[in-house]
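Have a look at the structure below, then the notes.
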Amino acid sequence: VQLQASGGGLVQPGGSLRLSCAASGRISSINTMAWYRQAPGKQRELVAIIGSAGSTNYADFVEGRFTISRDYPKNTVYLQMTSLKPEDTALYYCNVAVLGASWNTYWGQGTQVTVSS
């Protein structure tokens, strides 16, 4: 299974970005899909997660600014980010729980989000 993340970049404070992460390979089913982030010198932290039935959960720091969604036929998870702040600057990783021969969790390669004026 491979995860291909994209959509990061440089944006000014208050701006928006949309991250995408597509899963491909031997996939029978996908359970949870999530986004994590890791800023320099900090631990990786959960940003948002979406379950197989579409339920969502967000970290407190999101404060209603981000929306996680998924496209089931495309095995893709999205993170729409608005009202971005400098403290949102980090490497963003997707994480997907996949049923192939067995259940496993996979990480994408990370996409850089930089919020700066």
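Residue numbering restarts at 1 for every chain of the structure tokens, chains are lettered A, B, ... in their displayed order, and ligands are numbered from 1 as they appear.
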
Give me the residues near stretch 15-28 of chain A as a ChimeraX atom specification, where near means some atom within 10 Å (using only C-alpha atoms) and where sequence neighbours in that chain fewer than 4 positions away do not count. /A:1-11,33-35,65-71,74-85,92-96,98-103,106-113,115-116

With C-alpha atoms retained, could you export that selection as a short mmCIF file (atom, residue, chain, number, x, y, z; two decimals), in the first residue's frame?
```cif
data_model
loop_
_atom_site.label_atom_id
_atom_site.label_comp_id
_atom_site.auth_asym_id
_atom_site.auth_seq_id
_atom_site.Cartn_x
_atom_site.Cartn_y
_atom_site.Cartn_z
CA VAL A 1 0.00 0.00 0.00
CA GLN A 2 1.29 3.45 -0.90
CA LEU A 3 0.08 6.83 0.32
CA GLN A 4 0.69 9.89 -1.83
CA ALA A 5 0.20 13.19 -0.06
CA SER A 6 0.09 16.56 -1.76
CA GLY A 7 -1.18 20.11 -1.40
CA GLY A 8 1.27 21.67 1.00
CA GLY A 9 2.97 24.98 0.36
CA LEU A 10 3.68 28.48 1.55
CA VAL A 11 0.69 30.59 2.51
CA MET A 33 -8.04 8.07 7.73
CA ALA A 34 -6.24 10.81 9.59
CA TRP A 35 -3.91 13.77 9.37
CA ARG A 65 -10.73 26.05 11.00
CA PHE A 66 -10.05 22.67 9.35
CA THR A 67 -12.34 20.12 7.73
CA ILE A 68 -11.41 16.50 7.10
CA SER A 69 -13.27 14.54 4.43
CA ARG A 70 -12.81 11.42 2.37
CA ASP A 71 -13.63 10.13 -1.09
CA LYS A 74 -10.82 7.16 -4.69
CA ASN A 75 -9.45 6.01 -1.30
CA THR A 76 -8.49 9.62 -0.68
CA VAL A 77 -8.59 11.80 2.41
CA TYR A 78 -8.58 15.58 2.34
CA LEU A 79 -7.83 18.30 4.86
CA GLN A 80 -9.25 21.69 4.04
CA MET A 81 -7.44 24.27 6.14
CA THR A 82 -8.62 27.85 6.50
CA SER A 83 -7.61 30.81 8.66
CA LEU A 84 -4.11 29.41 8.84
CA LYS A 85 -1.78 30.67 11.55
CA TYR A 92 1.67 17.16 7.65
CA TYR A 93 1.34 13.38 7.40
CA CYS A 94 -1.61 11.26 6.42
CA ASN A 95 -2.27 8.02 8.25
CA VAL A 96 -4.58 5.32 6.98
CA VAL A 98 -5.98 -0.46 5.58
CA LEU A 99 -7.24 -4.02 5.29
CA GLY A 100 -5.11 -5.93 2.82
CA ALA A 101 -4.14 -9.43 3.84
CA SER A 102 -4.51 -8.06 7.39
CA TRP A 103 -5.12 -4.72 9.06
CA TYR A 106 0.37 3.29 6.82
CA TRP A 107 1.97 6.74 6.78
CA GLY A 108 2.30 9.11 3.87
CA GLN A 109 5.57 10.85 3.10
CA GLY A 110 4.56 14.18 4.57
CA THR A 111 3.76 17.47 2.92
CA GLN A 112 5.17 20.76 4.21
CA VAL A 113 2.83 23.56 5.23
CA VAL A 115 2.40 29.85 7.14
CA SER A 116 4.37 33.06 6.96
#
```

Atom CA of A:Tyr36 sits from atom CA of A:Ala59 at a separation of 9.8 Å

Query - Those of chain A in DSSP strand (DSSP E), formatted as a PyMOL selection string - result: chain A and resi 2-6+9-11+17-24+29-38+45-50+56-58+66-71+76-81+90-99+103-107+111-115

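Using only C-alpha atoms for every distance, the candidate list A:Gly14, A:Thr105, A:Ala97, A:Gly64 yields A:Ala97 as the residue closest to A:Ile50.
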
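Going from atom CA of A:Asn31 to atom CA of A:Asp88 covers 26.4 Å.
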